[in-house]
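Enquirer: This is data.txt, which holds compact mmCIF, C-alpha atoms:
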# COMPACT_ATOMS: atom_id res chain seq x y z
CA MET A 1 117.85 91.58 220.10
CA SER A 2 114.19 91.10 221.05
CA ASP A 3 111.63 89.14 219.05
CA GLY A 4 109.67 92.33 218.34
CA ILE A 5 112.68 94.05 216.75
CA ILE A 6 113.43 90.97 214.65
CA GLU A 7 109.82 90.80 213.45
CA ASN A 8 109.81 94.51 212.59
CA GLY A 9 113.01 94.07 210.60
CA GLN A 10 111.55 91.12 208.73
CA CYS A 11 108.38 93.04 207.95
CA LEU A 12 110.37 96.03 206.68
CA GLU A 13 112.53 93.82 204.47
CA LYS A 14 109.55 91.97 203.03
CA ALA A 15 107.66 95.23 202.48
CA ARG A 16 110.56 96.60 200.45
CA ARG A 17 110.70 93.38 198.46
CA LEU A 18 106.95 93.55 197.88
CA VAL A 19 107.27 97.07 196.44
CA CYS A 20 110.07 95.96 194.15
CA LEU A 21 108.08 92.95 192.92
CA LEU A 22 105.01 95.06 192.25
CA GLU A 23 107.05 97.64 190.38
CA GLY A 24 108.60 94.83 188.34
CA GLY A 25 105.24 93.30 187.50
CA ARG A 26 106.05 90.03 189.27
CA HIS A 27 102.61 89.65 190.76
CA GLU A 28 102.79 85.95 191.73
CA GLU A 29 105.94 86.46 193.77
CA ALA A 30 104.44 89.63 195.23
CA GLU A 31 101.40 87.63 196.35
CA GLU A 32 103.66 85.13 198.15
CA VAL A 33 105.45 87.95 199.99
CA LEU A 34 102.09 89.48 200.89
CA ASN A 35 100.98 86.13 202.36
CA GLU A 36 104.18 85.98 204.42
CA LEU A 37 103.51 89.47 205.78
CA THR A 38 99.96 88.44 206.68
CA HIS A 39 101.29 85.36 208.50
CA ILE A 40 103.71 87.47 210.55
CA HIS A 41 100.90 89.87 211.46
CA GLU A 42 98.59 87.01 212.49
CA SER A 43 101.39 85.46 214.55
CA SER A 44 101.86 88.73 216.45
CA LEU A 45 98.13 88.90 217.14
CA PHE A 46 98.20 85.31 218.33
CA GLN A 47 101.03 86.07 220.76
CA GLU A 48 99.19 89.09 222.10
CA LEU A 49 96.01 87.05 222.47
CA GLY A 50 97.93 84.43 224.43
CA ARG A 51 99.43 87.08 226.69
CA LEU A 52 96.02 88.57 227.41
CA THR A 53 94.63 85.10 228.10
CA ARG A 54 97.43 84.41 230.59
CA GLU A 55 96.75 87.70 232.37
CA LEU A 56 93.05 86.86 232.56
CA HIS A 57 93.88 83.43 233.93
CA ASP A 58 96.16 84.97 236.59
CA ALA A 59 93.36 87.38 237.51
CA LEU A 60 90.95 84.47 237.98
CA ASN A 61 93.49 82.80 240.23
CA GLY A 62 93.63 86.07 242.12
CA LEU A 63 89.93 85.72 242.82
CA GLN A 64 90.73 82.43 244.53
CA ILE A 65 93.26 84.27 246.70
CA ASP A 66 90.58 86.84 247.57
CA SER A 67 88.23 83.98 248.49
CA ARG A 68 90.87 82.42 250.74
CA MET A 69 91.51 85.77 252.39
CA SER A 70 87.78 86.14 253.09
CA GLU A 71 87.73 82.69 254.64
CA LEU A 72 90.72 83.53 256.82
CA MET A 73 89.15 86.79 257.98
CA GLU A 74 85.71 85.27 258.60
CA HIS A 75 86.63 81.96 260.22
CA ASP A 76 90.32 81.44 260.94
CA LEU A 77 91.08 84.75 262.65
CA PRO A 78 88.13 84.54 265.10
CA ASP A 79 89.11 80.92 265.73
CA ALA A 80 92.69 82.01 266.41
CA LYS A 81 91.40 84.58 268.92
CA GLU A 82 89.43 81.88 270.74
CA ARG A 83 92.47 79.60 270.75
CA LEU A 84 94.70 82.34 272.19
CA ASP A 85 92.03 83.12 274.81
CA TYR A 86 92.09 79.42 275.71
CA VAL A 87 95.88 79.53 276.06
CA ILE A 88 95.65 82.58 278.33
CA GLN A 89 92.93 81.04 280.52
CA THR A 90 94.73 77.70 280.79
CA THR A 91 98.01 79.40 281.64
CA GLU A 92 96.31 81.55 284.27
CA ARG A 93 94.69 78.50 285.89
CA ALA A 94 98.01 76.64 285.95
CA ALA A 95 99.81 79.67 287.40
CA HIS A 96 97.10 80.08 290.08
CA LYS A 97 97.30 76.40 291.08
CA THR A 98 101.09 76.54 291.19
CA LEU A 99 101.20 79.71 293.30
CA THR A 100 98.56 78.39 295.69
CA ALA A 101 100.46 75.13 296.18
CA VAL A 102 103.71 77.02 296.78
CA GLU A 103 102.06 79.41 299.26
CA GLU A 104 100.67 76.44 301.19
CA SER A 105 104.00 74.60 301.09
CA ILE A 106 106.15 77.41 302.50
CA PRO A 107 104.54 77.38 306.02
CA LEU A 108 104.93 73.59 306.13
CA CYS A 109 108.63 73.94 305.37
CA ASP A 110 108.97 76.68 308.00
CA ASP A 111 107.28 74.51 310.66
CA LEU A 112 109.53 71.57 309.82
CA MET A 113 112.61 73.80 309.97
CA ASN A 114 111.67 75.32 313.36
CA ALA A 115 110.78 71.95 314.88
CA THR A 116 113.97 70.38 313.57
CA ARG A 117 116.08 73.25 314.92
CA GLY A 118 114.57 72.83 318.42
CA ILE A 119 115.19 69.07 318.47
CA HIS A 120 118.71 69.55 317.06
CA ASP A 121 119.72 72.01 319.83
CA ARG A 122 118.54 69.73 322.61
CA TRP A 123 120.12 66.69 320.92
CA ARG A 124 123.49 68.44 320.97
CA ARG A 125 123.03 69.12 324.71
CA PHE A 126 122.25 65.44 325.22
CA LEU A 127 125.42 64.40 323.39
CA ALA A 128 127.40 66.88 325.52
CA ARG A 129 125.84 65.31 328.68
CA ASP A 130 124.42 68.75 329.50
CA MET A 131 120.89 67.52 330.24
CA THR A 132 119.08 66.24 333.29
CA ALA A 133 117.01 63.07 333.32
CA GLU A 134 113.80 65.11 333.39
CA GLN A 135 114.96 67.17 330.40
CA PHE A 136 115.83 63.96 328.55
CA ARG A 137 112.34 62.55 329.13
CA GLU A 138 110.80 65.78 327.82
CA MET A 139 113.06 65.65 324.77
CA ALA A 140 112.08 62.05 324.07
CA GLN A 141 108.38 62.99 324.13
CA ASP A 142 109.02 65.98 321.87
CA VAL A 143 110.94 63.80 319.39
CA GLY A 144 107.99 61.40 319.19
CA SER A 145 105.58 64.28 318.57
CA PHE A 146 107.99 65.77 316.03
CA LEU A 147 108.13 62.52 314.06
CA ASP A 148 104.34 62.17 314.03
CA GLU A 149 103.81 65.76 312.92
CA SER A 150 106.60 65.49 310.35
CA MET A 151 104.88 62.56 308.65
CA VAL A 152 101.69 64.62 308.27
CA ARG A 153 103.55 67.70 307.06
CA VAL A 154 105.70 65.76 304.59
CA SER A 155 102.60 64.01 303.20
CA THR A 156 100.86 67.37 302.74
CA LEU A 157 103.99 68.83 301.14
CA ARG A 158 104.16 65.88 298.75
CA ASP A 159 100.53 66.50 297.71
CA ARG A 160 101.30 70.14 297.00
CA LEU A 161 104.30 69.19 294.87
CA ASN A 162 102.11 66.78 292.90
CA GLU A 163 99.59 69.59 292.31
CA ILE A 164 102.40 71.77 290.96
CA LEU A 165 103.55 68.95 288.68
CA ILE A 166 100.04 68.23 287.36
CA ALA A 167 99.43 71.93 286.74
CA GLN A 168 102.31 71.92 284.24
CA ASP A 169 100.45 69.60 281.82
CA TYR A 170 98.89 72.73 280.30
CA GLN A 171 102.08 73.20 278.30
CA ASP A 172 101.28 70.27 275.99
CA LEU A 173 97.79 71.53 275.17
CA THR A 174 98.73 75.18 274.87
CA GLY A 175 101.79 74.27 272.80
CA GLN A 176 99.61 72.46 270.25
CA THR A 177 97.18 75.38 270.18
CA ILE A 178 99.95 77.94 269.68
CA ARG A 179 101.42 75.88 266.84
CA ARG A 180 98.02 75.87 265.10
CA VAL A 181 97.74 79.63 265.49
CA ILE A 182 101.25 80.05 264.08
CA LYS A 183 100.24 77.92 261.07
CA MET A 184 97.17 80.12 260.55
CA VAL A 185 99.29 83.28 260.77
CA GLN A 186 101.66 81.78 258.19
CA ASP A 187 98.68 81.13 255.88
CA VAL A 188 97.56 84.74 256.29
CA GLU A 189 101.07 85.96 255.51
CA ASP A 190 101.33 83.78 252.39
CA ASN A 191 97.96 84.95 251.09
CA LEU A 192 98.79 88.59 251.78
CA VAL A 193 102.08 88.20 249.89
CA ASN A 194 100.25 86.64 246.94
CA PHE A 195 97.61 89.37 247.09
CA ILE A 196 100.31 92.07 247.05
CA ARG A 197 102.03 90.40 244.11
CA LEU A 198 98.76 90.24 242.21
CA SER A 199 98.02 93.90 242.96
CA SER A 200 101.53 94.82 241.83
CA ARG A 201 100.98 93.08 238.49
CA ARG A 202 97.70 94.93 238.00
CA GLN A 203 99.35 98.27 238.72
CA GLU A 204 102.16 97.49 236.28
CA ARG A 205 99.64 96.62 233.56
CA GLU A 206 97.66 99.81 234.23
CA ALA A 207 100.84 101.89 234.04
CA ALA A 208 102.07 100.19 230.84
CA PRO A 209 101.10 101.52 227.36
CA ALA A 210 97.94 100.06 225.92
CA GLY A 211 98.72 96.95 223.84
CA ALA A 212 96.81 95.02 221.24
CA SER A 213 93.26 94.01 222.08
CA THR A 214 90.81 91.51 220.71
CA LYS A 215 87.10 91.75 220.10
CA GLY A 216 86.41 88.05 220.56
CA GLY A 217 85.52 86.64 223.97
CA LEU A 218 87.85 84.29 225.85
CA GLN A 219 86.61 81.12 227.43
CA GLY A 220 87.65 80.70 231.05
CA PRO A 221 86.56 78.18 233.67
CA GLN A 222 82.85 77.49 233.87
CA ILE A 223 80.81 79.65 236.22
CA PRO A 224 78.02 77.87 238.14
CA GLY A 225 74.70 78.61 236.45
CA ARG A 226 76.39 79.68 233.18
CA GLU A 227 77.70 76.39 231.79
CA ASP A 228 79.10 76.32 228.27
CA SER A 229 80.25 73.26 226.37
CA ASP A 230 83.30 75.14 225.06
CA ALA A 231 84.32 76.47 228.47
CA MET A 232 87.21 75.01 230.43
CA LYS A 233 86.21 72.65 233.21
CA SER A 234 88.92 73.68 235.68
CA GLN A 235 91.90 75.94 236.29
CA ASP A 236 94.18 72.98 235.54
CA GLU A 237 92.77 72.73 232.00
CA VAL A 238 93.37 76.45 231.46
CA ASP A 239 96.96 76.06 232.69
CA ALA A 240 97.48 73.06 230.41
CA LEU A 241 96.10 74.95 227.40
CA LEU A 242 98.25 78.03 227.97
CA SER A 243 101.36 75.94 228.63
CA GLY A 244 100.72 73.94 225.47
CA LEU A 245 100.56 77.17 223.47
CA GLY A 246 103.81 78.39 225.02
CA PHE A 247 102.35 81.00 227.40
With the file now loaded, output its structure as structure tokens.
Expert:
Amino acid sequence: MSDGIIENGQCLEKARRLVCLLEGGRHEEAEEVLNELTHIHESSLFQELGRLTRELHDALNGLQIDSRMSELMEHDLPDAKERLDYVIQTTERAAHKTLTAVEESIPLCDDLMNATRGIHDRWRRFLARDMTAEQFREMAQDVGSFLDESMVRVSTLRDRLNEILIAQDYQDLTGQTIRRVIKMVQDVEDNLVNFIRLSSRRQEREAAPAGASTKGGLQGPQIPGREDSDAMKSQDEVDALLSGLGF
């Protein structure tokens, strides 16, 4: 059974008792019952006032969400675009350097393979004693030239491999940048979820039947330029007050 039904039952019981006391001429007891009814009524108004104050406080917090959303849209999203552009440019540069180094390395490997194949064929002929002295002298000269050229080609190939390795350092920088963008996207998601929740509460309140209202003003946090000695100094004080009152 809800508190409202219990209160209504108490009011009805006390009202009946009040009528009986008045009819019996017991005015002092009737006055006590009347005071109890007044107390119940004031308590209900107090609860409604607290509920309205909590809703107002939540709405003010919603303004902070709106402010954060504006900041995200004005600063963080453009910054995220610049960061992603940086990731794209850095990745493109690394890919270009890597492809260039590979394209330059392939001919070096082909030259080494062809030269090695030629020396290998003649070396097999030498081992099979299928070579004249003149052919052996030519092979010896070619082997010397092959070794000299191989040193140059291998050194160049090593440089290209180092370029490929260095080009991969972009992953550390771009990884950090992408993680920051992911964090920003998470912030946007969280704020959008909070914004949707706040909008949902407002729609529920608009769709609900009109409740009790008060004519007095409620003191919220101070607004710059409109200071008031009775106003709350911060959202934390408002939360503490409402929590202390049970709302």
Enquirer: Between A:Asp130, A:Asp169, A:Ala95, A:Ile119, single out the one closest to A:Gly144, counting only C-alpha atoms.
Expert: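 When distances to A:Gly144 are compared using only C-alpha atoms, the smallest one comes from A:Ile119.
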Enquirer: Mind working out the centre and edge lengths of an axis-aligned box for stretch 25-37 of chain A, all listed atoms inside, 4 Å added to each side, rounded to one decimal in Å and written as AutoDock Vina command-line options?
Expert:
--center_x 103.5 --center_y 89.2 --center_z 196.6 --size_x 13.1 --size_y 16.2 --size_z 26.3
Enquirer: Please determine the residues with any atom at most 8 Å from (114.0, 66.7, 316.1) (coordinates as given in the file, with only C-alpha atoms counting) and report them as a list in words.
Expert: Ala115, Thr116, Arg117, Gly118, Ile119, His120, Trp123, Asp142, Val143, Phe146 and Leu147 of chain A
Enquirer: As an exercise, work out the distance from atom CA of A:Gly175 to atom CA of A:Glu163 in Å and give it to one decimal place.
Expert: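 Taking atom CA of A:Gly175 as the start and atom CA of A:Glu163 as the end point, the length is 20.2 Å.
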Enquirer: Between atom CA of A:Asp110 and atom CA of A:Glu149, measure the distance and give it in Å to one decimal.
Expert: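 Here the two named atoms are 13.0 Å from each other.
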Enquirer: So, counting only C-alpha atoms, which residue among A:Arg153, A:Arg26, A:His39, A:Arg16 is closest to A:Met113?
Expert: A:Arg153
Enquirer: Report, in Å to a single decimal, how far apart atom CA of A:Ala80 and atom CA of A:Val181 are.
Expert: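 Value for the atom CA of A:Val181-atom CA of A:Ala80 distance: 5.7 Å.
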Enquirer: Could you check which of A:Ala15, A:Asp187, A:Asn194, A:Leu157 is closest to A:Asp111, using all atoms listed in the file?
Expert: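 Closest to A:Asp111, using all atoms listed in the file: A:Leu157.
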Enquirer: Taking 5 positions as the minimum chain separation for residues in the same chain, which residues sit within 12 Å of A:Leu165 when counting only C-alpha atoms? Answer as a list in words.
Expert: Ala94, Ala95, Lys97, Thr98, Leu99, Ala101, Val102, Arg158, Asp159, Arg160, Tyr170 and Gln171 of chain A
Enquirer: What lies within 12 Å of A:Ile182 using all atoms listed in the file, ignoring chain neighbours under 2 positions off, as a ChimeraX atom specification?
Expert: /A:76-77,80-81,83-84,175-180,184-189
Enquirer: A:His96, A:Thr38, A:Leu112, A:Thr90: which is nearest A:Ser150, counting only C-alpha atoms?
Expert: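 Of A:His96, A:Thr38, A:Leu112, A:Thr90, the one nearest A:Ser150, counting only C-alpha atoms, is A:Leu112.
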